[in-house]
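Each remark here refers to the structure printed beneath this line.
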Amino acid sequence: MSIANDAVLLITGASSGIGAATARLLAAPGRILHLQGRDRPRLAEVERDLQATGAEVLTHPLDLEDRAAVDDAAAALASSIPRLDVLVHSAGMISLNAVGDASIADLDRQYAVNLRAPFALTTALTPALIAARGQAVFVNSGAGLRAGPAWSQYAATKFGLRAMADAYRAEVESDGVRVTTVYPGRTATPMQAEVHRFEGREYDESAFARPEDVASSIIHALDMPRSAIVPEVMVR
């Protein structure tokens, strides 16, 4: 296994969905988990669950739309975490509209959460990742590979996240840092329920992959021997 028993981990979007499922699978005695989330009650619930595993859990309630708060949090985390074994970017938000009807304010919000925040946090935490020869995981989307009608804004941020991860992988590979992008298909998450509301379709979560399925693929990539690099994982 590549994830040490005393690993230090940071997971964004950890209050629900794939982020929460990943945190639950990674929690173990001796590990330190830093969890970011916007929903304070849900984040506190995840914290309680994980503390029962014997892991040390530190929560960071933070709205990734708030650029100044993100920059302050990134600086604070960089100064308090000298070594980071695993960084998982799972937070995301979506707004769907045709280009001709889209709101630029919605684009700005998606850019802030889906691209700017991962960029700011990764930049600040790169020294800690290098110190640990750690691993960074970017949870992307099928929209990071192709865009359809009404998906232009969200897809643009996810295409950008893919570009960032690809460049970052090439930049830090020689430092021993592994970078993986995960492309989940439609998954039973709060975001998927929101997409169905926009599409005017009934939402049946049993028709989709579970967050735990995607989280398992993340753990598998993290657990690969150090001799292996997993650049991309697609989950359908």
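Residues are referred to by chain and number: the chain letter is A, B, ... according to the order shown in the structure tokens, the number counts from 1 in that chain, and ligands are numbered separately from 1 in the order shown.
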When you look at Leu33 (chain A) with a cut-off of 6 Å (counting only C-alpha atoms), what residues show up, excluding the ones that are within fewer than 4 positions of it in the same chain? I need them as an mmCIF file with C-alpha atoms, in the first residue's frame.
data_model
loop_
_atom_site.group_PDB
_atom_site.id
_atom_site.type_symbol
_atom_site.label_atom_id
_atom_site.label_comp_id
_atom_site.auth_asym_id
_atom_site.auth_seq_id
_atom_site.Cartn_x
_atom_site.Cartn_y
_atom_site.Cartn_z
ATOM 1 C CA LEU A 9 -4.640 13.901 4.046
ATOM 2 C CA LEU A 10 -6.729 16.848 2.855
ATOM 3 C CA VAL A 57 -10.016 14.863 12.092
#
Residues of region 124-197 of chain A at most 9 Å from region 213-219 of chain A: nearest atom pair and distance in Å, only C-alpha atoms, as a Markdown table:
| residue | atom | partner | partner_atom | distance |
| --- | --- | --- | --- | --- |
| A:Val137 | CA | A:Ile218 | CA | 7.6 |
| A:Val139 | CA | A:Ile218 | CA | 8.8 |
| A:Thr180 | CA | A:Ile218 | CA | 8.6 |
| A:Val182 | CA | A:Ile218 | CA | 7.3 |
| A:Tyr183 | CA | A:Val214 | CA | 8.9 |
| A:Pro184 | CA | A:Val214 | CA | 6.6 |
| A:Thr187 | CA | A:Val214 | CA | 8.2 |
Keeping N, CA and C atoms, export the residues of the selection given above as a short mmCIF file (atom, residue, chain, number, x, y, z; two decimals), in the first residue's frame.
data_model
loop_
_atom_site.label_atom_id
_atom_site.label_comp_id
_atom_site.auth_asym_id
_atom_site.auth_seq_id
_atom_site.Cartn_x
_atom_site.Cartn_y
_atom_site.Cartn_z
N VAL A 137 -5.18 14.07 -6.19
CA VAL A 137 -6.27 13.52 -7.00
C VAL A 137 -7.26 14.63 -7.33
N VAL A 139 -10.86 15.21 -8.83
CA VAL A 139 -12.12 14.58 -9.25
C VAL A 139 -12.74 15.48 -10.31
N THR A 180 -3.36 12.18 -10.24
CA THR A 180 -4.39 11.38 -10.90
C THR A 180 -5.64 12.23 -11.11
N VAL A 182 -9.65 11.75 -11.90
CA VAL A 182 -10.73 10.77 -11.91
C VAL A 182 -11.92 11.37 -12.65
N TYR A 183 -12.43 10.63 -13.62
CA TYR A 183 -13.59 11.08 -14.40
C TYR A 183 -14.79 10.20 -14.06
N PRO A 184 -15.60 10.60 -13.08
CA PRO A 184 -16.80 9.80 -12.79
C PRO A 184 -17.87 10.07 -13.83
N THR A 187 -23.19 10.17 -11.10
CA THR A 187 -23.09 9.55 -9.79
C THR A 187 -24.20 10.08 -8.90
#
* Asked: Looking only at the backbone, which of the residues in region 22-181 of chain A does DSSP tag as helix (DSSP H, G or I), as a ChimeraX atom specification?
  -> /A:22-26,40-51,67-80,99-101,104-132,142-144,152-175
* Structure fact -> Between A:Met234, A:Ala112, A:Ile3, A:Ala131, smallest distance to Arg67 (chain A) by only C-alpha atoms belongs to A:Ala112
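Nearest residue to Ala44 (chain A), choosing from A:Arg31, A:Arg186, A:Arg83, A:His60 and counting only C-alpha atoms: A:His60.
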* Asked: Skipping near chain neighbours, those fewer than 4 positions away, what residues fall within 12 Å of Glu212 (chain A) using only C-alpha atoms, listed as a ChimeraX atom specification?
  -> /A:16-26,184,187-189,208,216-219,235
* **From A:Asp106, A:Asp166, A:Asp72, A:Trp151, residue lying nearest Ala124 (chain A) [only C-alpha atoms]** => A:Asp72
* Just the residues within 12 Å of Gly148 (chain A), please, counting only C-alpha atoms, with nothing from its chain fewer than 4 positions along; format it as a ChimeraX atom specification. => /A:96-99,142-144,152-156
* **Contact residues around Glu65 (chain A) with only C-alpha atoms at 10 Å, ignoring same-chain residues under 4 positions, as a PyMOL selection string** => chain A and resi 38+69-70+93+108-114+116-117
Mind dumping the selected residues with N, CA and C atoms as a PDB file, in the first residue's frame?
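Printed below is part15.pdb as written:
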ATOM      1  N   ARG A  38     -18.543  23.127   2.740  1.00  0.00           N
ATOM      2  CA  ARG A  38     -19.309  24.360   2.902  1.00  0.00           C
ATOM      3  C   ARG A  38     -20.460  24.176   3.884  1.00  0.00           C
ATOM      4  N   ALA A  69     -11.314  34.242   1.078  1.00  0.00           N
ATOM      5  CA  ALA A  69     -11.284  33.229   2.130  1.00  0.00           C
ATOM      6  C   ALA A  69     -10.472  32.013   1.695  1.00  0.00           C
ATOM      7  N   VAL A  70     -10.594  31.641   0.435  1.00  0.00           N
ATOM      8  CA  VAL A  70      -9.808  30.516  -0.086  1.00  0.00           C
ATOM      9  C   VAL A  70      -8.318  30.829  -0.019  1.00  0.00           C
ATOM     10  N   MET A  93     -19.301  22.557  -8.142  1.00  0.00           N
ATOM     11  CA  MET A  93     -20.655  23.089  -8.265  1.00  0.00           C
ATOM     12  C   MET A  93     -21.006  23.189  -9.741  1.00  0.00           C
ATOM     13  N   ASP A 108     -18.692  32.783 -13.092  1.00  0.00           N
ATOM     14  CA  ASP A 108     -17.703  33.186 -12.096  1.00  0.00           C
ATOM     15  C   ASP A 108     -17.741  32.268 -10.879  1.00  0.00           C
ATOM     16  N   ARG A 109     -18.942  31.878 -10.451  1.00  0.00           N
ATOM     17  CA  ARG A 109     -19.070  31.001  -9.284  1.00  0.00           C
ATOM     18  C   ARG A 109     -18.482  29.626  -9.568  1.00  0.00           C
ATOM     19  N   GLN A 110     -18.782  29.077 -10.745  1.00  0.00           N
ATOM     20  CA  GLN A 110     -18.253  27.757 -11.090  1.00  0.00           C
ATOM     21  C   GLN A 110     -16.738  27.798 -11.264  1.00  0.00           C
ATOM     22  N   TYR A 111     -16.251  28.856 -11.870  1.00  0.00           N
ATOM     23  CA  TYR A 111     -14.801  29.012 -12.006  1.00  0.00           C
ATOM     24  C   TYR A 111     -14.141  29.045 -10.638  1.00  0.00           C
ATOM     25  N   ALA A 112     -14.735  29.783  -9.703  1.00  0.00           N
ATOM     26  CA  ALA A 112     -14.142  29.915  -8.372  1.00  0.00           C
ATOM     27  C   ALA A 112     -14.044  28.570  -7.668  1.00  0.00           C
ATOM     28  N   VAL A 113     -15.110  27.784  -7.734  1.00  0.00           N
ATOM     29  CA  VAL A 113     -15.148  26.514  -7.003  1.00  0.00           C
ATOM     30  C   VAL A 113     -14.423  25.406  -7.751  1.00  0.00           C
ATOM     31  N   ASN A 114     -14.666  25.290  -9.045  1.00  0.00           N
ATOM     32  CA  ASN A 114     -14.201  24.132  -9.809  1.00  0.00           C
ATOM     33  C   ASN A 114     -12.767  24.237 -10.296  1.00  0.00           C
ATOM     34  N   ARG A 116     -10.464  27.663  -9.735  1.00  0.00           N
ATOM     35  CA  ARG A 116      -9.585  28.568  -8.995  1.00  0.00           C
ATOM     36  C   ARG A 116      -9.204  28.009  -7.627  1.00  0.00           C
ATOM     37  N   ALA A 117     -10.182  27.479  -6.892  1.00  0.00           N
ATOM     38  CA  ALA A 117      -9.890  26.950  -5.556  1.00  0.00           C
ATOM     39  C   ALA A 117      -8.910  25.772  -5.606  1.00  0.00           C
TER      40      ALA A 117
END
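Shortest atom-to-atom contact with Thr126 (chain A) among A:Arg42, A:Arg210, A:Arg201, A:Arg178: A:Arg178, counting only C-alpha atoms.
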* **Those of region 150-199 of chain A in DSSP strand (DSSP E or B), formatted as an MDAnalysis selection string** => chainID A and resid 178:184 187
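The shell of residues at most 10 Å from Asp85 (chain A), with only C-alpha atoms counted and near chain neighbours (fewer than 3 positions) removed, consists of Ser2, Ile3, Ala4, Asp6, Ala7, Val8, Leu9, Leu10, Ile32, Ala128, Leu129, Ile130, Ala131, Ala132, Arg133, Gly134, Gln135, Ala136, Val177 and Leu222 of chain A.
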* Asked: Taking only C-alpha atoms into account, which of A:Asp71, A:Asp223, A:Asp101, A:Asp66 comes nearest Phe119 (chain A)?
  -> A:Asp71
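Nearest-residue note for Leu87 (chain A): choosing from A:Leu125, A:Ala120, A:Ala52, A:Met224, the minimum distance belongs to A:Leu125, counting only C-alpha atoms.
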* What is the distance between CA of Thr181 (chain A) and CA of Asp63 (chain A), in Å to one decimal? -> 22.8 Å
